[in-house]
file upload_21.tsv (TSV, C-alpha atoms)
chain	number	residue	atom	x	y	z
A	940	MET	CA	31.78	28.04	-5.72
A	941	ASN	CA	32.16	26.12	-8.96
A	942	GLU	CA	29.47	24.05	-10.70
A	943	SER	CA	30.74	20.77	-9.31
A	944	ASN	CA	30.78	21.95	-5.68
A	945	SER	CA	27.40	23.50	-6.14
A	946	ASN	CA	25.92	20.25	-7.49
A	947	SER	CA	27.43	18.18	-4.79
A	948	THR	CA	26.10	20.40	-1.98
A	949	LYS	CA	22.62	20.23	-3.50
A	950	GLU	CA	22.86	16.46	-3.89
A	951	ARG	CA	24.11	16.03	-0.34
A	952	LEU	CA	21.14	18.03	0.93
A	953	LEU	CA	18.72	15.88	-1.11
A	954	SER	CA	20.36	12.71	0.13
A	955	SER	CA	20.60	13.71	3.82
A	956	GLY	CA	17.06	15.11	3.63
A	957	ALA	CA	15.71	11.82	2.23
A	958	VAL	CA	17.43	9.68	4.87
A	959	LEU	CA	16.42	11.87	7.82
A	960	ILE	CA	12.85	12.63	6.69
A	961	CYS	CA	12.29	8.93	6.02
A	962	GLU	CA	13.61	8.04	9.46
A	963	LYS	CA	11.98	10.76	11.58
A	964	GLY	CA	9.10	12.07	9.46
A	965	TYR	CA	8.99	15.52	7.89
A	966	SER	CA	7.83	17.30	11.01
A	967	GLY	CA	10.26	15.36	13.21
A	968	VAL	CA	13.42	16.63	11.53
A	969	SER	CA	14.89	20.15	11.57
A	970	VAL	CA	16.68	22.15	8.85
A	971	ARG	CA	19.63	22.29	11.23
A	972	GLU	CA	19.90	18.48	11.43
A	973	ILE	CA	19.68	18.06	7.66
A	974	CYS	CA	22.38	20.69	7.04
A	975	LYS	CA	24.62	19.22	9.70
A	976	ASP	CA	24.27	15.74	8.18
A	977	ALA	CA	24.97	17.17	4.70
A	978	ASP	CA	28.02	18.99	6.10
A	979	THR	CA	26.88	22.40	4.88
A	980	SER	CA	25.62	25.69	6.31
A	981	MET	CA	21.98	26.38	7.10
A	982	ASN	CA	21.43	28.98	4.38
A	983	MET	CA	22.13	26.37	1.68
A	984	ILE	CA	18.61	24.85	1.98
A	985	HIS	CA	17.23	28.33	1.43
A	986	HIS	CA	19.63	28.85	-1.48
A	987	TYR	CA	18.77	25.64	-3.35
A	988	PHE	CA	15.20	24.86	-2.29
A	989	GLY	CA	13.76	28.06	-0.81
A	990	SER	CA	12.64	26.29	2.39
A	991	LYS	CA	12.36	22.94	4.19
A	992	GLU	CA	9.11	22.36	2.29
A	993	GLY	CA	10.95	23.11	-0.97
A	994	LEU	CA	13.47	20.38	-0.11
A	995	LEU	CA	10.62	17.92	0.61
A	996	ASN	CA	9.00	18.75	-2.73
A	997	ALA	CA	12.32	18.30	-4.54
A	998	ILE	CA	12.75	14.84	-2.96
A	999	ILE	CA	9.21	13.85	-3.96
A	1000	ASP	CA	9.59	15.28	-7.48
A	1001	SER	CA	12.83	13.37	-8.03
A	1002	TYR	CA	11.00	10.17	-6.97
A	1003	GLY	CA	8.28	10.98	-9.52
A	1004	GLU	CA	10.77	11.60	-12.33
A	1005	ASN	CA	12.87	8.53	-11.52
A	1006	VAL	CA	9.94	6.14	-11.15
A	1007	PHE	CA	7.12	7.21	-13.48
A	1008	VAL	CA	8.61	8.92	-16.53
A	1009	LEU	CA	9.81	5.72	-18.26
A	1010	PRO	CA	6.60	3.69	-17.59
A	1011	LEU	CA	4.59	6.61	-18.93
A	1012	LYS	CA	6.66	6.55	-22.14
A	1013	LEU	CA	6.02	2.82	-22.47
A	1014	LEU	CA	2.29	3.48	-22.31
A	1015	ALA	CA	2.25	6.53	-24.57
A	1016	LYS	CA	1.94	4.73	-27.93
A	1017	GLU	CA	-1.10	2.69	-28.96
A	1018	PRO	CA	-0.53	-1.07	-28.80
A	1019	LYS	CA	-0.23	-2.57	-32.31
A	1020	SER	CA	-1.33	-6.10	-31.42
A	1021	LYS	CA	-2.42	-8.15	-28.42
A	1022	ASP	CA	1.18	-9.34	-28.01
A	1023	ASP	CA	2.38	-5.75	-28.01
A	1024	PHE	CA	-0.32	-4.88	-25.44
A	1025	ILE	CA	0.82	-7.70	-23.15
A	1026	SER	CA	4.54	-6.91	-23.60
A	1027	ARG	CA	3.96	-3.30	-22.73
A	1028	ILE	CA	2.14	-4.21	-19.49
A	1029	GLU	CA	4.97	-6.59	-18.55
A	1030	LEU	CA	7.59	-3.91	-19.25
A	1031	VAL	CA	5.73	-1.29	-17.24
A	1032	PHE	CA	5.49	-3.67	-14.28
A	1033	GLU	CA	9.21	-4.56	-14.40
A	1034	THR	CA	10.52	-1.03	-14.90
A	1035	THR	CA	8.23	0.41	-12.22
A	1036	LEU	CA	9.28	-2.25	-9.72
A	1037	GLU	CA	12.99	-1.71	-10.39
A	1038	ALA	CA	12.67	2.06	-10.12
A	1039	CYS	CA	10.64	1.80	-6.90
A	1040	ILE	CA	13.33	-0.38	-5.33
A	1041	GLU	CA	16.06	2.07	-6.37
A	1042	ASN	CA	14.08	5.04	-5.04
A	1043	ARG	CA	12.76	3.38	-1.89
A	1044	LEU	CA	13.58	6.23	0.51
A	1045	SER	CA	11.81	8.96	-1.45
A	1046	LEU	CA	8.91	6.57	-2.19
A	1047	MET	CA	8.46	5.97	1.56
A	1048	ILE	CA	8.47	9.73	2.13
A	1049	ALA	CA	5.86	10.36	-0.56
A	1050	ILE	CA	3.64	7.67	0.99
A	1051	ARG	CA	4.13	8.83	4.57
A	1052	GLU	CA	3.53	12.50	3.79
A	1053	GLN	CA	0.64	11.65	1.40
A	1054	ASN	CA	2.27	13.95	-1.11
A	1055	SER	CA	2.49	12.54	-4.62
A	1056	PRO	CA	4.41	14.01	-7.55
A	1057	GLN	CA	2.81	15.24	-10.76
A	1058	ALA	CA	4.57	12.40	-12.61
A	1059	LEU	CA	2.40	9.87	-10.71
A	1060	ILE	CA	-0.80	11.66	-11.73
A	1061	ASN	CA	0.46	11.70	-15.34
A	1062	TYR	CA	1.24	7.99	-15.13
A	1063	MET	CA	-2.29	7.20	-13.90
A	1064	THR	CA	-3.82	9.29	-16.70
A	1065	GLY	CA	-1.56	7.57	-19.25
A	1066	PHE	CA	-2.42	4.14	-17.89
A	1067	LYS	CA	-6.15	4.84	-18.20
A	1068	ALA	CA	-5.72	6.03	-21.81
A	1069	PHE	CA	-3.68	2.91	-22.66
A	1070	ILE	CA	-6.43	0.64	-21.26
A	1071	ASP	CA	-9.14	2.59	-23.08
A	1072	ILE	CA	-7.45	2.30	-26.49
A	1073	SER	CA	-6.69	-1.38	-25.79
A	1074	ILE	CA	-10.38	-2.03	-25.10
A	1075	LYS	CA	-11.29	-0.19	-28.32
A	1076	LYS	CA	-8.84	-2.32	-30.31
A	1077	GLY	CA	-10.13	-5.54	-28.75
A	1078	PHE	CA	-6.97	-6.42	-26.79
A	1079	ALA	CA	-8.48	-5.72	-23.37
A	1080	ARG	CA	-11.85	-6.86	-22.02
A	1081	LYS	CA	-14.67	-4.42	-22.75
A	1082	GLU	CA	-16.05	-4.84	-19.18
A	1083	LEU	CA	-13.03	-3.05	-17.67
A	1084	ASP	CA	-13.74	0.22	-15.87
A	1085	SER	CA	-10.41	1.82	-16.77
A	1086	GLU	CA	-10.73	4.70	-14.31
A	1087	MET	CA	-11.09	2.30	-11.35
A	1088	ILE	CA	-8.04	0.15	-12.06
A	1089	THR	CA	-5.22	2.63	-12.79
A	1090	GLY	CA	-3.56	1.79	-9.46
A	1091	PHE	CA	-3.82	-2.00	-9.74
A	1092	MET	CA	-0.18	-2.85	-10.60
A	1093	LEU	CA	1.12	0.14	-8.70
A	1094	ASP	CA	-0.48	-0.89	-5.38
A	1095	ARG	CA	1.12	-4.29	-5.64
A	1096	ILE	CA	4.56	-2.83	-6.44
A	1097	LEU	CA	4.47	0.00	-3.89
A	1098	ASN	CA	3.48	-2.39	-1.11
A	1099	GLN	CA	6.10	-4.96	-2.06
A	1100	VAL	CA	8.71	-2.22	-1.64
A	1101	GLN	CA	7.05	-0.51	1.34
A	1102	TYR	CA	6.56	-3.68	3.43
A	1103	ALA	CA	9.88	-5.36	2.57
A	1104	PRO	CA	11.30	-4.90	6.10
A	1105	TRP	CA	8.14	-6.42	7.61
A	1106	VAL	CA	8.32	-9.46	5.28
A	1107	ASN	CA	12.00	-9.87	6.11
A	1108	ASN	CA	11.22	-9.68	9.81
A	1109	GLU	CA	8.18	-11.98	9.68
A	1110	PHE	CA	9.22	-14.57	7.07
A	1111	SER	CA	13.02	-14.09	6.84
A	1112	ILE	CA	12.82	-13.37	3.11
A	1113	ASP	CA	14.77	-10.36	1.84
A	1114	ILE	CA	12.37	-9.80	-1.04
A	1115	LEU	CA	14.12	-6.79	-2.56
A	1116	ASN	CA	17.62	-8.27	-2.63
A	1117	ASP	CA	16.84	-11.80	-3.78
A	1118	PRO	CA	16.72	-11.65	-7.60
A	1119	SER	CA	15.17	-15.10	-8.08
A	1120	TYR	CA	12.41	-14.41	-5.54
A	1121	LEU	CA	11.77	-11.01	-7.11
A	1122	LYS	CA	11.54	-12.52	-10.60
A	1123	ARG	CA	9.11	-15.19	-9.40
A	1124	TRP	CA	7.00	-12.58	-7.61
A	1125	SER	CA	6.93	-10.26	-10.65
A	1126	GLN	CA	5.97	-13.00	-13.07
A	1127	SER	CA	3.18	-14.36	-10.85
A	1128	ASN	CA	1.65	-10.96	-10.25
A	1129	VAL	CA	1.89	-9.60	-13.77
A	1130	ASP	CA	0.39	-12.93	-14.94
A	1131	VAL	CA	-2.68	-12.44	-12.71
A	1132	PHE	CA	-3.08	-8.84	-13.85
A	1133	ILE	CA	-2.76	-9.63	-17.57
A	1134	ASN	CA	-5.23	-12.50	-17.30
A	1135	GLY	CA	-7.51	-10.12	-15.42
A	1136	ILE	CA	-7.59	-7.47	-18.15
A	1137	ALA	CA	-6.76	-9.17	-21.49
A	1138	ASN	CA	-9.53	-10.09	-23.91
B	1451	MET	CA	-14.25	-0.54	40.30
B	1452	ASN	CA	-17.07	-2.50	38.63
B	1453	GLU	CA	-16.87	-4.37	35.36
B	1454	SER	CA	-18.54	-1.64	33.38
B	1455	ASN	CA	-16.19	1.12	34.56
B	1456	SER	CA	-13.25	-1.16	34.04
B	1457	ASN	CA	-14.25	-1.85	30.42
B	1458	SER	CA	-14.86	1.74	29.66
B	1459	THR	CA	-11.45	2.87	30.99
B	1460	LYS	CA	-9.76	0.18	28.94
B	1461	GLU	CA	-11.75	1.15	25.86
B	1462	ARG	CA	-11.01	4.85	26.35
B	1463	LEU	CA	-7.29	4.02	26.52
B	1464	LEU	CA	-7.52	1.96	23.31
B	1465	SER	CA	-9.44	4.71	21.57
B	1466	SER	CA	-7.23	7.61	22.75
B	1467	GLY	CA	-4.15	5.53	22.01
B	1468	ALA	CA	-5.29	4.81	18.45
B	1469	VAL	CA	-6.09	8.46	17.70
B	1470	LEU	CA	-2.85	9.84	19.17
B	1471	ILE	CA	-0.49	7.14	17.85
B	1472	CYS	CA	-2.01	7.50	14.38
B	1473	GLU	CA	-1.57	11.28	14.51
B	1474	LYS	CA	1.91	11.51	16.06
B	1475	GLY	CA	3.48	8.08	15.51
B	1476	TYR	CA	4.19	5.58	18.32
B	1477	SER	CA	7.48	7.18	19.35
B	1478	GLY	CA	6.01	10.70	19.12
B	1479	VAL	CA	3.34	10.22	21.77
B	1480	SER	CA	3.78	9.73	25.53
B	1481	VAL	CA	1.91	7.56	28.02
B	1482	ARG	CA	1.06	10.80	29.84
B	1483	GLU	CA	-0.66	12.27	26.76
B	1484	ILE	CA	-2.68	9.11	26.11
B	1485	CYS	CA	-3.85	8.88	29.72
B	1486	LYS	CA	-4.74	12.57	29.81
B	1487	ASP	CA	-6.78	12.24	26.62
B	1488	ALA	CA	-8.49	9.11	28.02
B	1489	ASP	CA	-9.21	11.01	31.24
B	1490	THR	CA	-7.56	8.42	33.46
B	1491	SER	CA	-4.48	8.06	35.64
B	1492	MET	CA	-1.08	6.96	34.33
B	1493	ASN	CA	-0.99	3.60	36.09
B	1494	MET	CA	-4.06	2.44	34.11
B	1495	ILE	CA	-1.96	1.71	30.98
B	1496	HIS	CA	0.26	-0.45	33.16
B	1497	HIS	CA	-2.80	-2.08	34.73
B	1498	TYR	CA	-4.53	-3.01	31.47
B	1499	PHE	CA	-1.68	-3.37	28.96
B	1500	GLY	CA	1.52	-3.73	30.97
B	1501	SER	CA	3.27	-0.95	29.06
B	1502	LYS	CA	2.99	1.53	26.16
B	1503	GLU	CA	4.10	-1.27	23.83
B	1504	GLY	CA	1.38	-3.50	25.27
B	1505	LEU	CA	-1.20	-0.85	24.37
B	1506	LEU	CA	0.21	-0.65	20.81
B	1507	ASN	CA	0.00	-4.42	20.45
B	1508	ALA	CA	-3.58	-4.42	21.77
B	1509	ILE	CA	-4.56	-1.79	19.16
B	1510	ILE	CA	-2.92	-3.82	16.37
B	1511	ASP	CA	-4.44	-7.10	17.60
B	1512	SER	CA	-7.92	-5.57	17.70
B	1513	TYR	CA	-7.41	-4.44	14.08
B	1514	GLY	CA	-6.41	-8.01	13.18
B	1515	GLU	CA	-9.45	-9.52	14.89
B	1516	ASN	CA	-11.88	-6.97	13.46
B	1517	VAL	CA	-10.57	-7.14	9.89
B	1518	PHE	CA	-9.29	-10.65	9.18
B	1519	VAL	CA	-11.27	-13.15	11.26
B	1520	LEU	CA	-14.43	-13.07	9.12
B	1521	PRO	CA	-12.59	-13.22	5.73
B	1522	LEU	CA	-10.58	-16.15	7.06
B	1523	LYS	CA	-13.83	-17.96	7.96
B	1524	LEU	CA	-15.14	-17.33	4.44
B	1525	LEU	CA	-12.03	-19.02	3.02
B	1526	ALA	CA	-11.89	-21.91	5.46
B	1527	LYS	CA	-14.22	-24.32	3.62
B	1528	GLU	CA	-13.41	-25.83	0.23
B	1529	PRO	CA	-15.35	-24.26	-2.65
B	1530	LYS	CA	-18.06	-26.60	-3.91
B	1531	SER	CA	-18.29	-25.20	-7.45
B	1532	LYS	CA	-16.77	-22.48	-9.62
B	1533	ASP	CA	-19.71	-20.22	-8.70
B	1534	ASP	CA	-19.05	-20.85	-5.02
B	1535	PHE	CA	-15.34	-20.10	-5.59
B	1536	ILE	CA	-16.17	-16.77	-7.27
B	1537	SER	CA	-18.81	-15.82	-4.65
B	1538	ARG	CA	-16.37	-16.48	-1.85
B	1539	ILE	CA	-13.70	-14.22	-3.42
B	1540	GLU	CA	-16.30	-11.47	-3.88
B	1541	LEU	CA	-17.46	-11.79	-0.27
B	1542	VAL	CA	-13.90	-11.72	1.06
B	1543	PHE	CA	-13.18	-8.56	-0.93
B	1544	GLU	CA	-16.34	-6.79	0.28
B	1545	THR	CA	-16.06	-7.77	3.94
B	1546	THR	CA	-12.34	-6.94	4.09
B	1547	LEU	CA	-12.92	-3.54	2.50
B	1548	GLU	CA	-15.76	-2.70	4.90
B	1549	ALA	CA	-13.77	-3.80	7.95
B	1550	CYS	CA	-10.68	-1.85	6.81
B	1551	ILE	CA	-12.77	1.31	6.47
B	1552	GLU	CA	-14.26	0.81	9.94
B	1553	ASN	CA	-10.84	0.14	11.48
B	1554	ARG	CA	-8.92	2.77	9.54
B	1555	LEU	CA	-7.03	4.25	12.50
B	1556	SER	CA	-5.60	0.96	13.76
B	1557	LEU	CA	-4.89	-0.13	10.16
B	1558	MET	CA	-2.83	3.04	9.61
B	1559	ILE	CA	-0.93	2.35	12.83
B	1560	ALA	CA	-0.16	-1.27	11.83
B	1561	ILE	CA	1.15	-0.03	8.46
B	1562	ARG	CA	3.15	2.85	9.89
B	1563	GLU	CA	4.75	0.75	12.62
B	1564	GLN	CA	5.26	-2.25	10.26
B	1565	ASN	CA	3.72	-4.40	12.94
B	1566	SER	CA	1.09	-6.84	11.71
B	1567	PRO	CA	-1.25	-8.95	13.81
B	1568	GLN	CA	-1.24	-12.75	13.85
B	1569	ALA	CA	-4.72	-12.66	12.28
B	1570	LEU	CA	-3.21	-11.16	9.10
B	1571	ILE	CA	-0.64	-13.95	8.84
B	1572	ASN	CA	-3.46	-16.48	9.37
B	1573	TYR	CA	-5.52	-14.80	6.64
B	1574	MET	CA	-2.62	-15.02	4.17
B	1575	THR	CA	-2.08	-18.70	4.98
B	1576	GLY	CA	-5.82	-19.36	4.60
B	1577	PHE	CA	-5.95	-17.48	1.31
B	1578	LYS	CA	-3.08	-19.55	-0.10
B	1579	ALA	CA	-4.80	-22.80	0.96
B	1580	PHE	CA	-8.07	-21.65	-0.64
B	1581	ILE	CA	-6.30	-20.93	-3.95
B	1582	ASP	CA	-4.45	-24.25	-3.83
B	1583	ILE	CA	-7.61	-26.30	-3.33
B	1584	SER	CA	-9.38	-24.23	-6.01
B	1585	ILE	CA	-6.58	-25.02	-8.49
B	1586	LYS	CA	-6.83	-28.71	-7.59
B	1587	LYS	CA	-10.58	-28.68	-8.19
B	1588	GLY	CA	-10.18	-26.90	-11.52
B	1589	PHE	CA	-11.86	-23.62	-10.48
B	1590	ALA	CA	-8.64	-21.56	-10.51
B	1591	ARG	CA	-5.93	-21.50	-13.22
B	1592	LYS	CA	-3.21	-24.09	-12.67
B	1593	GLU	CA	-0.49	-21.52	-13.58
B	1594	LEU	CA	-1.16	-19.52	-10.38
B	1595	ASP	CA	1.72	-19.35	-7.90
B	1596	SER	CA	-0.50	-19.20	-4.82
B	1597	GLU	CA	2.27	-18.15	-2.43
B	1598	MET	CA	3.07	-15.06	-4.50
B	1599	ILE	CA	-0.46	-13.66	-4.75
B	1600	THR	CA	-1.83	-13.87	-1.21
B	1601	GLY	CA	-1.63	-10.07	-0.86
B	1602	PHE	CA	-3.23	-9.21	-4.21
B	1603	MET	CA	-6.69	-8.12	-3.05
B	1604	LEU	CA	-5.38	-6.91	0.27
B	1605	ASP	CA	-2.89	-4.46	-1.29
B	1606	ARG	CA	-5.65	-2.92	-3.32
B	1607	ILE	CA	-7.98	-2.60	-0.31
B	1608	LEU	CA	-5.35	-1.36	2.17
B	1609	ASN	CA	-4.17	1.32	-0.25
B	1610	GLN	CA	-7.69	2.44	-1.08
B	1611	VAL	CA	-8.21	3.05	2.64
B	1612	GLN	CA	-4.70	4.33	3.37
B	1613	TYR	CA	-4.58	6.89	0.52
B	1614	ALA	CA	-8.17	8.10	0.81
B	1615	PRO	CA	-7.14	11.56	2.14
B	1616	TRP	CA	-4.69	11.97	-0.75
B	1617	VAL	CA	-7.35	11.04	-3.35
B	1618	ASN	CA	-9.77	13.45	-1.69
B	1619	ASN	CA	-7.16	16.19	-1.77
B	1620	GLU	CA	-6.00	15.50	-5.34
B	1621	PHE	CA	-9.24	14.57	-7.11
B	1622	SER	CA	-11.92	15.84	-4.69
B	1623	ILE	CA	-13.47	12.36	-4.36
B	1624	ASP	CA	-14.29	11.18	-0.84
B	1625	ILE	CA	-13.82	7.52	-1.79
B	1626	LEU	CA	-14.63	6.04	1.61
B	1627	ASN	CA	-17.85	7.94	2.20
B	1628	ASP	CA	-19.39	7.76	-1.26
B	1629	PRO	CA	-21.25	4.42	-1.39
B	1630	SER	CA	-21.85	4.45	-5.15
B	1631	TYR	CA	-18.19	5.19	-5.89
B	1632	LEU	CA	-17.09	2.51	-3.44
B	1633	LYS	CA	-19.43	-0.05	-5.03
B	1634	ARG	CA	-18.15	0.78	-8.52
B	1635	TRP	CA	-14.55	0.58	-7.33
B	1636	SER	CA	-15.11	-2.77	-5.55
B	1637	GLN	CA	-16.88	-4.36	-8.51
B	1638	SER	CA	-14.23	-3.24	-11.02
B	1639	ASN	CA	-11.35	-4.46	-8.93
B	1640	VAL	CA	-12.81	-7.78	-7.84
B	1641	ASP	CA	-13.75	-8.35	-11.51
B	1642	VAL	CA	-10.11	-7.92	-12.61
B	1643	PHE	CA	-8.89	-10.19	-9.83
B	1644	ILE	CA	-11.42	-12.96	-10.51
B	1645	ASN	CA	-10.68	-12.87	-14.24
B	1646	GLY	CA	-7.01	-13.03	-13.34
B	1647	ILE	CA	-7.28	-16.20	-11.28
B	1648	ALA	CA	-10.37	-18.14	-12.45
B	1649	ASN	CA	-10.03	-21.08	-14.80
call {"tool": "encode", "arguments": {"input": "upload_21.tsv", "output": "structure tokens"}}
result
Amino acid sequence: MNESNSNSTKERLLSSGAVLICEKGYSGVSVREICKDADTSMNMIHHYFGSKEGLLNAIIDSYGENVFVLPLKLLAKEPKSKDDFISRIELVFETTLEACIENRLSLMIAIREQNSPQALINYMTGFKAFIDISIKKGFARKELDSEMITGFMLDRILNQVQYAPWVNNEFSIDILNDPSYLKRWSQSNVDVFINGIAN
Amino acid sequence: MNESNSNSTKERLLSSGAVLICEKGYSGVSVREICKDADTSMNMIHHYFGSKEGLLNAIIDSYGENVFVLPLKLLAKEPKSKDDFISRIELVFETTLEACIENRLSLMIAIREQNSPQALINYMTGFKAFIDISIKKGFARKELDSEMITGFMLDRILNQVQYAPWVNNEFSIDILNDPSYLKRWSQSNVDVFINGIAN
């Protein structure tokens, strides 16, 4: 087996695993079904991921890498001014939202299985540190309890992505595939958050 | 069958249904299992709820009534002053959080099945109207796009309740059963929201 075949089998397993686990739940899907859908033999999950649980962890880790690594980088440096502080929050909101939409299947799995990747924990720690230094520099309100608000933007984004089918069903708005609606939603929500935390 | 027996059978079905549907998912549990757990015969689901789907809807409706009716009442009257506006937001946050904790099982089912009660839609409509009148009276910022932020507090509260087991597992904090933590969390989050929307 050459490198290219090997990669594509692994990727097919990740992709079939994500679709089927999202649809049926982790305990509702078998290794056999995933391998059949990925058009490969049953020992390939063992080969690439060690076990069914290894495949689940790989799906959740890839979600973590794809969604939280860039926002964490955006928060890593101290803000230089209040404008820089605000820009950084706006950028984190936008990039996180885009990445969550692109990685919707694995996001749904992480939520359903209550199994979050290390990258999410790192993001929350990084967010807290960014708020703390922003308070110290006078860009954020000193009353903020940074530890209690690390999930503020994230809750809003995760739920927008998670409940999109319900909104579509209830209000006939396809919130994830309507760029003008999505822009309006992002701007309104990041505006409330920034006004809520800025000094 | 007297009234009291009749109520208690119905309530046992609602309770067993909530526990089992939350644990196994709606499609993963049978009418037989629910009736066995509720210690009643299979035709009782038909008698009280028409069908398995009728039982699901009754569970979700009871969640809607228990969680959203009081907050909606708190938002129904126009705020008389900025203080009244702020107090009302604080009260809605606190009462919604408490009710979500008390109705955690049915809340989880509504989320998992992407099936929301009419009372939630009414709450969102009422919240939008409250923000609109508050903007008009000068208590809330005129830049707010009321339609886009109706879920702001709710996302935060629902996720606090939904992800409590994950937080407990990851950070060893039992967020729903630690009153001082819950108070600190509520105050910090309602503070960010009020600063985000008040004029």
call {"tool": "atom_distance", "arguments": {"input": "upload_21.tsv", "atom1": "CA of Ser1556 (chain B)", "atom2": "CA of Asn1493 (chain B)"}}
result
23.0 Å
call {"tool": "closest_atom_pairs", "arguments": {"input": "upload_21.tsv", "of": "chain A", "to": "chain B", "cutoff": "6 Å", "atoms": "all atoms listed in the file", "output": "Markdown table"}}
result
| residue | atom | partner | partner_atom | distance |
| --- | --- | --- | --- | --- |
| A:Gln1053 | CA | B:Trp1616 | CA | 5.8 |
| A:Asp1084 | CA | B:Ser1638 | CA | 6.0 |
| A:Met1087 | CA | B:Trp1635 | CA | 5.6 |
| A:Asp1094 | CA | B:Arg1606 | CA | 5.9 |
| A:Arg1095 | CA | B:Asp1605 | CA | 5.9 |
| A:Trp1105 | CA | B:Gln1564 | CA | 5.7 |
| A:Trp1124 | CA | B:Met1598 | CA | 5.6 |
| A:Ser1127 | CA | B:Asp1595 | CA | 6.0 |
| A:Val1131 | CA | B:Gly1646 | CA | 4.4 |
| A:Phe1132 | CA | B:Gly1646 | CA | 5.8 |
| A:Asn1134 | CA | B:Gly1646 | CA | 4.4 |
| A:Gly1135 | CA | B:Gly1646 | CA | 3.6 |
call {"tool": "atom_distance", "arguments": {"input": "upload_21.tsv", "atom1": "CA of Val1100 (chain A)", "atom2": "CA of Pro1018 (chain A)"}}
result
28.7 Å
call {"tool": "residues_near_point", "arguments": {"input": "upload_21.tsv", "point": "(-10.7, -14.2, 3.9)", "cutoff": "8 Å", "atoms": "all atoms listed in the file", "output": "ChimeraX atom specification"}}
result
/B:1518-1526,1539,1542-1543,1546,1573,1576-1577
